[in-house]
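> Before we start, here is the structure in question, set down as structure tokens.
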Amino acid sequence: MNTLANLRDVAAGLPHGAMREGVLLRSEAPIDGDVPPSTIAWPPRTVIDLRHPLELELAHPLASSDTVVHAATLLEPSQPAPEGPGSREKLRGFYASLLEPPVSTRLAGIVEIVATAPDPILIHCLAGKDRTGVVVALVLRLIGIERDDVFDEYLKTNDRATNLLARMRMHYARIDGHRAPARDISTESIKAPRELIVHIVDHWDAYDGGTLGWYLDNGGTAEIAELLSERLLPQGSSRG
């Protein structure tokens, strides 16, 4: 019986009342046979799958007449799939690539899905820590969530690293076509790196106009940013 190790309601990882609960979820990649959670809005009506095409299985396990899956890879489809959780140096280069076109414009497109598609919305990649973490951080900063709260939410993956490692070994076995773990991964390699998300948020904050200015200059629109806030902020709140 499988359970999602890194599944969480994003709002639950923020100060109480900072964001509406039951709207935005994040996790690692689902697997056929996962047991639906009892405490989280499920199933999602929209899934944003950030995986590279070579990380995909034949069909998404959550795809149905009630759930629409959006393929939204942040990696170049023509490039090889990630080999697994990389070194900090490799991750640093990947995180930096998220700040520039063409990937930055893909991020803006994902924000539009979060702002307009039916909820609950689930965002996931393979482990649900790097690609998913940056997308969620962008959404949170756009609606005015404080930096430290964004970091705290991002780092909650590390509380789940042991169980997430087992899930990643299952995924790699399925992708590689055999049962034995094929990748050199460890609990430490699965953990979310605080210094890299801080670098990303620092870049957004230092941009002319802050995160919103960066988003607008990379393909976003003020209308979508407003819709995002209306969807995610509690009634009567406004973007900071």
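Ligands are numbered from 1 in the order shown, chains are lettered A, B, ... in the order of the structure tokens, and residues start at 1 in each chain.
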Where in segment 76-149 of chain A does DSSP assign helix (DSSP H, G or I), given as a PyMOL selection string?

chain A and resi 88-97+103-116+131-142+147-149

> Grab the residues selected above and save them as an mmCIF file, in the first residue's frame with N, CA and C atoms.


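Generated output (out_36.cif):
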```
data_model
loop_
_atom_site.group_PDB
_atom_site.id
_atom_site.type_symbol
_atom_site.label_atom_id
_atom_site.label_comp_id
_atom_site.auth_asym_id
_atom_site.auth_seq_id
_atom_site.Cartn_x
_atom_site.Cartn_y
_atom_site.Cartn_z
ATOM 1 N N ARG A 88 25.065 19.704 -5.043
ATOM 2 C CA ARG A 88 24.653 21.093 -4.843
ATOM 3 C C ARG A 88 25.104 21.965 -6.015
ATOM 4 N N GLU A 89 26.277 21.641 -6.584
ATOM 5 C CA GLU A 89 26.763 22.441 -7.702
ATOM 6 C C GLU A 89 25.842 22.307 -8.907
ATOM 7 N N LYS A 90 25.422 21.084 -9.222
ATOM 8 C CA LYS A 90 24.495 20.880 -10.332
ATOM 9 C C LYS A 90 23.159 21.544 -10.044
ATOM 10 N N LEU A 91 22.675 21.398 -8.811
ATOM 11 C CA LEU A 91 21.405 22.018 -8.452
ATOM 12 C C LEU A 91 21.491 23.536 -8.536
ATOM 13 N N ARG A 92 22.639 24.094 -8.156
ATOM 14 C CA ARG A 92 22.795 25.549 -8.222
ATOM 15 C C ARG A 92 22.628 26.024 -9.655
ATOM 16 N N GLY A 93 23.209 25.308 -10.599
ATOM 17 C CA GLY A 93 23.055 25.673 -11.997
ATOM 18 C C GLY A 93 21.620 25.532 -12.466
ATOM 19 N N PHE A 94 20.946 24.478 -12.003
ATOM 20 C CA PHE A 94 19.548 24.280 -12.401
ATOM 21 C C PHE A 94 18.664 25.393 -11.843
ATOM 22 N N TYR A 95 18.830 25.713 -10.566
ATOM 23 C CA TYR A 95 18.025 26.779 -9.968
ATOM 24 C C TYR A 95 18.261 28.100 -10.701
ATOM 25 N N ALA A 96 19.520 28.381 -11.051
ATOM 26 C CA ALA A 96 19.816 29.626 -11.778
ATOM 27 C C ALA A 96 19.106 29.656 -13.127
ATOM 28 N N SER A 97 18.978 28.484 -13.776
ATOM 29 C CA SER A 97 18.316 28.430 -15.084
ATOM 30 C C SER A 97 16.840 28.780 -14.998
ATOM 31 N N VAL A 103 12.871 29.183 -19.465
ATOM 32 C CA VAL A 103 12.213 28.535 -18.328
ATOM 33 C C VAL A 103 11.382 29.532 -17.531
ATOM 34 N N SER A 104 11.867 30.750 -17.396
ATOM 35 C CA SER A 104 11.131 31.745 -16.610
ATOM 36 C C SER A 104 9.750 32.012 -17.201
ATOM 37 N N THR A 105 9.636 31.969 -18.536
ATOM 38 C CA THR A 105 8.326 32.181 -19.149
ATOM 39 C C THR A 105 7.411 30.975 -18.915
ATOM 40 N N ARG A 106 8.003 29.786 -18.791
ATOM 41 C CA ARG A 106 7.193 28.612 -18.446
ATOM 42 C C ARG A 106 6.651 28.744 -17.022
ATOM 43 N N LEU A 107 7.457 29.296 -16.131
ATOM 44 C CA LEU A 107 6.977 29.522 -14.771
ATOM 45 C C LEU A 107 5.760 30.437 -14.768
ATOM 46 N N ALA A 108 5.817 31.476 -15.572
ATOM 47 C CA ALA A 108 4.680 32.394 -15.652
ATOM 48 C C ALA A 108 3.436 31.669 -16.149
ATOM 49 N N GLY A 109 3.602 30.758 -17.101
ATOM 50 C CA GLY A 109 2.465 29.984 -17.592
ATOM 51 C C GLY A 109 1.878 29.076 -16.530
ATOM 52 N N ILE A 110 2.725 28.536 -15.673
ATOM 53 C CA ILE A 110 2.234 27.679 -14.588
ATOM 54 C C ILE A 110 1.430 28.495 -13.587
ATOM 55 N N VAL A 111 1.881 29.708 -13.320
ATOM 56 C CA VAL A 111 1.120 30.587 -12.423
ATOM 57 C C VAL A 111 -0.296 30.795 -12.952
ATOM 58 N N GLU A 112 -0.438 30.949 -14.253
ATOM 59 C CA GLU A 112 -1.768 31.138 -14.836
ATOM 60 C C GLU A 112 -2.660 29.923 -14.596
ATOM 61 N N ILE A 113 -2.098 28.712 -14.691
ATOM 62 C CA ILE A 113 -2.891 27.514 -14.407
ATOM 63 C C ILE A 113 -3.358 27.529 -12.957
ATOM 64 N N VAL A 114 -2.444 27.856 -12.048
ATOM 65 C CA VAL A 114 -2.807 27.896 -10.621
ATOM 66 C C VAL A 114 -3.902 28.922 -10.370
ATOM 67 N N ALA A 115 -3.852 30.022 -11.098
ATOM 68 C CA ALA A 115 -4.818 31.110 -10.879
ATOM 69 C C ALA A 115 -6.192 30.816 -11.470
ATOM 70 N N THR A 116 -6.260 29.955 -12.487
ATOM 71 C CA THR A 116 -7.512 29.847 -13.245
ATOM 72 C C THR A 116 -8.112 28.450 -13.342
ATOM 73 N N ARG A 131 11.855 21.527 -8.454
ATOM 74 C CA ARG A 131 10.963 22.162 -9.422
ATOM 75 C C ARG A 131 9.663 22.603 -8.759
ATOM 76 N N THR A 132 9.066 21.689 -8.015
ATOM 77 C CA THR A 132 7.826 22.025 -7.298
ATOM 78 C C THR A 132 8.074 23.126 -6.292
ATOM 79 N N GLY A 133 9.209 23.062 -5.596
ATOM 80 C CA GLY A 133 9.514 24.057 -4.562
ATOM 81 C C GLY A 133 9.625 25.456 -5.115
ATOM 82 N N VAL A 134 10.247 25.601 -6.286
ATOM 83 C CA VAL A 134 10.396 26.932 -6.867
ATOM 84 C C VAL A 134 9.057 27.460 -7.377
ATOM 85 N N VAL A 135 8.259 26.611 -8.003
ATOM 86 C CA VAL A 135 6.944 27.048 -8.470
ATOM 87 C C VAL A 135 6.085 27.515 -7.292
ATOM 88 N N VAL A 136 6.070 26.732 -6.236
ATOM 89 C CA VAL A 136 5.268 27.105 -5.065
ATOM 90 C C VAL A 136 5.805 28.395 -4.452
ATOM 91 N N ALA A 137 7.121 28.535 -4.370
ATOM 92 C CA ALA A 137 7.696 29.765 -3.816
ATOM 93 C C ALA A 137 7.282 30.983 -4.630
ATOM 94 N N LEU A 138 7.272 30.859 -5.965
ATOM 95 C CA LEU A 138 6.854 31.977 -6.809
ATOM 96 C C LEU A 138 5.400 32.338 -6.547
ATOM 97 N N VAL A 139 4.550 31.351 -6.481
ATOM 98 C CA VAL A 139 3.131 31.604 -6.205
ATOM 99 C C VAL A 139 2.971 32.312 -4.856
ATOM 100 N N LEU A 140 3.682 31.839 -3.859
ATOM 101 C CA LEU A 140 3.541 32.428 -2.521
ATOM 102 C C LEU A 140 4.052 33.857 -2.466
ATOM 103 N N ARG A 141 5.175 34.120 -3.116
ATOM 104 C CA ARG A 141 5.687 35.486 -3.103
ATOM 105 C C ARG A 141 4.766 36.430 -3.892
ATOM 106 N N LEU A 142 4.155 35.920 -4.957
ATOM 107 C CA LEU A 142 3.247 36.766 -5.726
ATOM 108 C C LEU A 142 2.017 37.176 -4.927
ATOM 109 N N ARG A 147 8.974 36.176 3.189
ATOM 110 C CA ARG A 147 10.125 35.356 2.788
ATOM 111 C C ARG A 147 10.343 34.160 3.722
ATOM 112 N N ASP A 148 10.435 34.425 5.012
ATOM 113 C CA ASP A 148 10.761 33.351 5.950
ATOM 114 C C ASP A 148 9.684 32.278 5.964
ATOM 115 N N ASP A 149 8.441 32.669 5.748
ATOM 116 C CA ASP A 149 7.357 31.681 5.691
ATOM 117 C C ASP A 149 7.469 30.838 4.422
#
```

> Hey, which of A:Leu4, A:Gly144, A:Lys191, A:Glu76 ends up closest to Glu226 of chain A? Count only C-alpha atoms.

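Residue with the minimum atom-to-atom distance to Glu226 of chain A: A:Gly144.
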
> Excluding Pro80 of chain A and any residue of its chain fewer than 3 positions from it, enumerate the residues within 12 Å of it, using only C-alpha atoms, and give them as a list in words.

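The contact residues come out as Arg51, His52, Pro53, Leu54, Glu55, Leu75, Glu76, Pro77, Glu83 and Gly84 of chain A.
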
> Could you save the residues just selected, with N, CA and C atoms, as a tab-separated table (two decimals), in the first residue's frame?


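Generated file (result28.tsv):
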```tsv
chain	number	residue	atom	x	y	z
A	51	ARG	N	7.36	17.09	-14.50
A	51	ARG	CA	8.41	16.13	-14.86
A	51	ARG	C	8.85	16.25	-16.31
A	52	HIS	N	10.09	15.84	-16.55
A	52	HIS	CA	10.63	15.70	-17.90
A	52	HIS	C	9.89	14.55	-18.59
A	53	PRO	N	9.69	14.61	-19.91
A	53	PRO	CA	8.98	13.52	-20.60
A	53	PRO	C	9.54	12.12	-20.32
A	54	LEU	N	10.86	12.02	-20.15
A	54	LEU	CA	11.45	10.70	-19.91
A	54	LEU	C	11.27	10.22	-18.47
A	55	GLU	N	10.70	11.07	-17.62
A	55	GLU	CA	10.37	10.65	-16.26
A	55	GLU	C	8.92	10.17	-16.15
A	75	LEU	N	12.14	21.58	-17.76
A	75	LEU	CA	13.38	21.16	-18.42
A	75	LEU	C	13.15	21.09	-19.92
A	76	GLU	N	14.20	21.29	-20.68
A	76	GLU	CA	14.08	21.17	-22.13
A	76	GLU	C	13.74	19.72	-22.50
A	77	PRO	N	12.60	19.47	-23.14
A	77	PRO	CA	12.24	18.09	-23.50
A	77	PRO	C	13.29	17.40	-24.36
A	83	GLU	N	19.34	12.66	-13.94
A	83	GLU	CA	19.83	11.36	-13.52
A	83	GLU	C	19.40	11.02	-12.11
A	84	GLY	N	18.95	11.98	-11.38
A	84	GLY	CA	18.58	11.79	-9.98
A	84	GLY	C	18.94	13.05	-9.22
```

> If we count only C-alpha atoms, what is near segment 12-15 of chain A at a cut-off of 8 Å, once residues fewer than 4 positions away on the same chain are taken out, given as a PyMOL selection string?

chain A and resi 8+19+21+149-150+152-153+156

> Name the residues of segment 48-199 of chain A that fall into strand (DSSP E) according to DSSP on the backbone, using the chain letters and numbers of this document, as a PyMOL selection string.

chain A and resi 48-49+68-71+121-124

> Mind writing the picked residues with N, CA and C atoms as an mmCIF file, in the first residue's frame?


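For reference, selection.cif as written:
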```cif
data_model
loop_
_atom_site.group_PDB
_atom_site.id
_atom_site.type_symbol
_atom_site.label_atom_id
_atom_site.label_comp_id
_atom_site.auth_asym_id
_atom_site.auth_seq_id
_atom_site.Cartn_x
_atom_site.Cartn_y
_atom_site.Cartn_z
ATOM 1 N N ILE A 48 -0.665 19.667 -12.104
ATOM 2 C CA ILE A 48 0.410 20.286 -12.875
ATOM 3 C C ILE A 48 1.640 19.412 -12.707
ATOM 4 N N ASP A 49 1.980 18.693 -13.758
ATOM 5 C CA ASP A 49 3.063 17.712 -13.735
ATOM 6 C C ASP A 49 4.312 18.346 -14.343
ATOM 7 N N VAL A 68 -7.889 17.008 -14.729
ATOM 8 C CA VAL A 68 -7.121 17.356 -15.926
ATOM 9 C C VAL A 68 -5.657 17.481 -15.537
ATOM 10 N N VAL A 69 -4.781 16.812 -16.287
ATOM 11 C CA VAL A 69 -3.347 16.859 -16.034
ATOM 12 C C VAL A 69 -2.689 17.781 -17.055
ATOM 13 N N HIS A 70 -1.961 18.771 -16.569
ATOM 14 C CA HIS A 70 -1.226 19.692 -17.426
ATOM 15 C C HIS A 70 0.252 19.314 -17.397
ATOM 16 N N ALA A 71 0.823 18.935 -18.529
ATOM 17 C CA ALA A 71 2.257 18.691 -18.628
ATOM 18 C C ALA A 71 2.961 20.043 -18.735
ATOM 19 N N ILE A 121 -5.796 21.996 -6.701
ATOM 20 C CA ILE A 121 -4.728 21.896 -7.690
ATOM 21 C C ILE A 121 -3.534 21.228 -7.035
ATOM 22 N N LEU A 122 -2.996 20.212 -7.692
ATOM 23 C CA LEU A 122 -1.791 19.533 -7.221
ATOM 24 C C LEU A 122 -0.636 19.864 -8.150
ATOM 25 N N ILE A 123 0.471 20.342 -7.575
ATOM 26 C CA ILE A 123 1.709 20.559 -8.312
ATOM 27 C C ILE A 123 2.700 19.487 -7.884
ATOM 28 N N HIS A 124 3.319 18.824 -8.857
ATOM 29 C CA HIS A 124 4.339 17.846 -8.493
ATOM 30 C C HIS A 124 5.379 17.734 -9.584
#
```

> Do a neighbour search on Asp119 of chain A at 7 Å with only C-alpha atoms, toss out local chain neighbours closer than 2 positions, and write the hits as a PDB file with C-alpha atoms, in the first residue's frame.


```pdb
ATOM      1  CA  VAL A  23      -6.819  24.883  -2.839  1.00  0.00           C
ATOM      2  CA  PRO A  44      -7.276  17.113  -7.160  1.00  0.00           C
ATOM      3  CA  ARG A  45      -9.287  18.467 -10.076  1.00  0.00           C
ATOM      4  CA  THR A  46      -6.155  19.894 -11.710  1.00  0.00           C
ATOM      5  CA  ALA A 117      -7.842  26.043 -13.332  1.00  0.00           C
ATOM      6  CA  ILE A 121      -4.728  21.896  -7.690  1.00  0.00           C
TER       7      ILE A 121
END
```

> Between A:Ala29, A:Ala11, A:Leu228, A:Val201, which is the closest to Ala127 of chain A once you count only C-alpha atoms?

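Smallest separation from Ala127 of chain A among the options: A:Ala29.
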
> Rounded to one decimal, what separation in Å do you get between atom CA of Leu74 of chain A and atom CA of Leu50 of chain A?

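These atoms are spaced 6.2 Å apart.
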
> Env of Ser27 of chain A: 6 Å cut, atoms = only C-alpha atoms, seq-sep filter 4 positions within chain, self excluded. Answer as a list of chain:residue names.

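Once the nearby chain positions are removed, what remains is A:Asn6, A:Leu7, A:His124, A:Gly128.
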
> Keeping only N, CA and C atoms, write those residues as a PDB file, in the first residue's frame.


```pdb
ATOM      1  N   ASN A   6       5.517  13.129   0.343  1.00  0.00           N
ATOM      2  CA  ASN A   6       5.764  14.568   0.364  1.00  0.00           C
ATOM      3  C   ASN A   6       4.517  15.379   0.010  1.00  0.00           C
ATOM      4  N   LEU A   7       3.356  14.753   0.193  1.00  0.00           N
ATOM      5  CA  LEU A   7       2.094  15.444  -0.087  1.00  0.00           C
ATOM      6  C   LEU A   7       1.743  16.369   1.062  1.00  0.00           C
ATOM      7  N   HIS A 124       3.319  18.824  -8.857  1.00  0.00           N
ATOM      8  CA  HIS A 124       4.339  17.846  -8.493  1.00  0.00           C
ATOM      9  C   HIS A 124       5.379  17.734  -9.584  1.00  0.00           C
ATOM     10  N   GLY A 128       9.243  16.320  -5.788  1.00  0.00           N
ATOM     11  CA  GLY A 128       8.409  17.365  -5.198  1.00  0.00           C
ATOM     12  C   GLY A 128       9.188  18.333  -4.343  1.00  0.00           C
TER      13      GLY A 128
END
```

> Measuring atom to atom with only C-alpha atoms, identify which of A:Val47, A:Ser64, A:Leu126, A:Arg194 is nearest to Asn158 of chain A.

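Nearest to Asn158 of chain A: A:Arg194.
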
> So which residues touch Pro61 of chain A within 10 Å, counting only C-alpha atoms, skipping near sequence neighbours fewer than 3 positions away, as a PyMOL selection string?

chain A and resi 29-34+57-58+64+69

> Store the residues of this selection in a file with N, CA and C atoms, as a PDB file, in the first residue's frame.


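Listed below is the output, out_22.pdb:
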```
ATOM      1  N   ALA A  29       5.779  12.688  -7.301  1.00  0.00           N
ATOM      2  CA  ALA A  29       4.935  12.095  -8.341  1.00  0.00           C
ATOM      3  C   ALA A  29       4.068  10.981  -7.765  1.00  0.00           C
ATOM      4  N   PRO A  30       2.782  10.993  -8.067  1.00  0.00           N
ATOM      5  CA  PRO A  30       1.900   9.900  -7.634  1.00  0.00           C
ATOM      6  C   PRO A  30       2.244   8.604  -8.354  1.00  0.00           C
ATOM      7  N   ILE A  31       1.861   7.498  -7.723  1.00  0.00           N
ATOM      8  CA  ILE A  31       2.049   6.158  -8.271  1.00  0.00           C
ATOM      9  C   ILE A  31       0.701   5.451  -8.242  1.00  0.00           C
ATOM     10  N   ASP A  32       0.431   4.618  -9.235  1.00  0.00           N
ATOM     11  CA  ASP A  32      -0.788   3.809  -9.220  1.00  0.00           C
ATOM     12  C   ASP A  32      -0.886   3.048  -7.909  1.00  0.00           C
ATOM     13  N   GLY A  33      -2.052   3.121  -7.291  1.00  0.00           N
ATOM     14  CA  GLY A  33      -2.255   2.403  -6.038  1.00  0.00           C
ATOM     15  C   GLY A  33      -2.026   3.235  -4.795  1.00  0.00           C
ATOM     16  N   ASP A  34      -1.634   4.508  -4.977  1.00  0.00           N
ATOM     17  CA  ASP A  34      -1.490   5.373  -3.805  1.00  0.00           C
ATOM     18  C   ASP A  34      -2.823   5.467  -3.062  1.00  0.00           C
ATOM     19  N   GLU A  57       5.381   8.006 -16.927  1.00  0.00           N
ATOM     20  CA  GLU A  57       4.906   6.683 -17.278  1.00  0.00           C
ATOM     21  C   GLU A  57       3.870   6.835 -18.392  1.00  0.00           C
ATOM     22  N   LEU A  58       3.299   5.741 -18.837  1.00  0.00           N
ATOM     23  CA  LEU A  58       2.410   5.801 -19.999  1.00  0.00           C
ATOM     24  C   LEU A  58       1.214   6.706 -19.764  1.00  0.00           C
ATOM     25  N   SER A  64      -8.306  11.542 -15.180  1.00  0.00           N
ATOM     26  CA  SER A  64      -9.655  10.976 -15.243  1.00  0.00           C
ATOM     27  C   SER A  64     -10.576  12.011 -15.865  1.00  0.00           C
ATOM     28  N   VAL A  69      -4.781  16.812 -16.287  1.00  0.00           N
ATOM     29  CA  VAL A  69      -3.347  16.859 -16.034  1.00  0.00           C
ATOM     30  C   VAL A  69      -2.689  17.781 -17.055  1.00  0.00           C
TER      31      VAL A  69
END
```

> Which residue out of A:Leu232, A:Ala166, A:Ala81, A:Ala225 has the minimum interatomic distance to Leu25 of chain A when only C-alpha atoms are used?

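Checking each of A:Leu232, A:Ala166, A:Ala81, A:Ala225 against Leu25 of chain A, counting only C-alpha atoms, the winner is A:Leu232.
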
> Figure out the distance between atom CA of Gly209 of chain A and atom CA of Gln235 of chain A, please, to one decimal in Å.

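Atom CA of Gln235 of chain A sits 25.1 Å away from atom CA of Gly209 of chain A.
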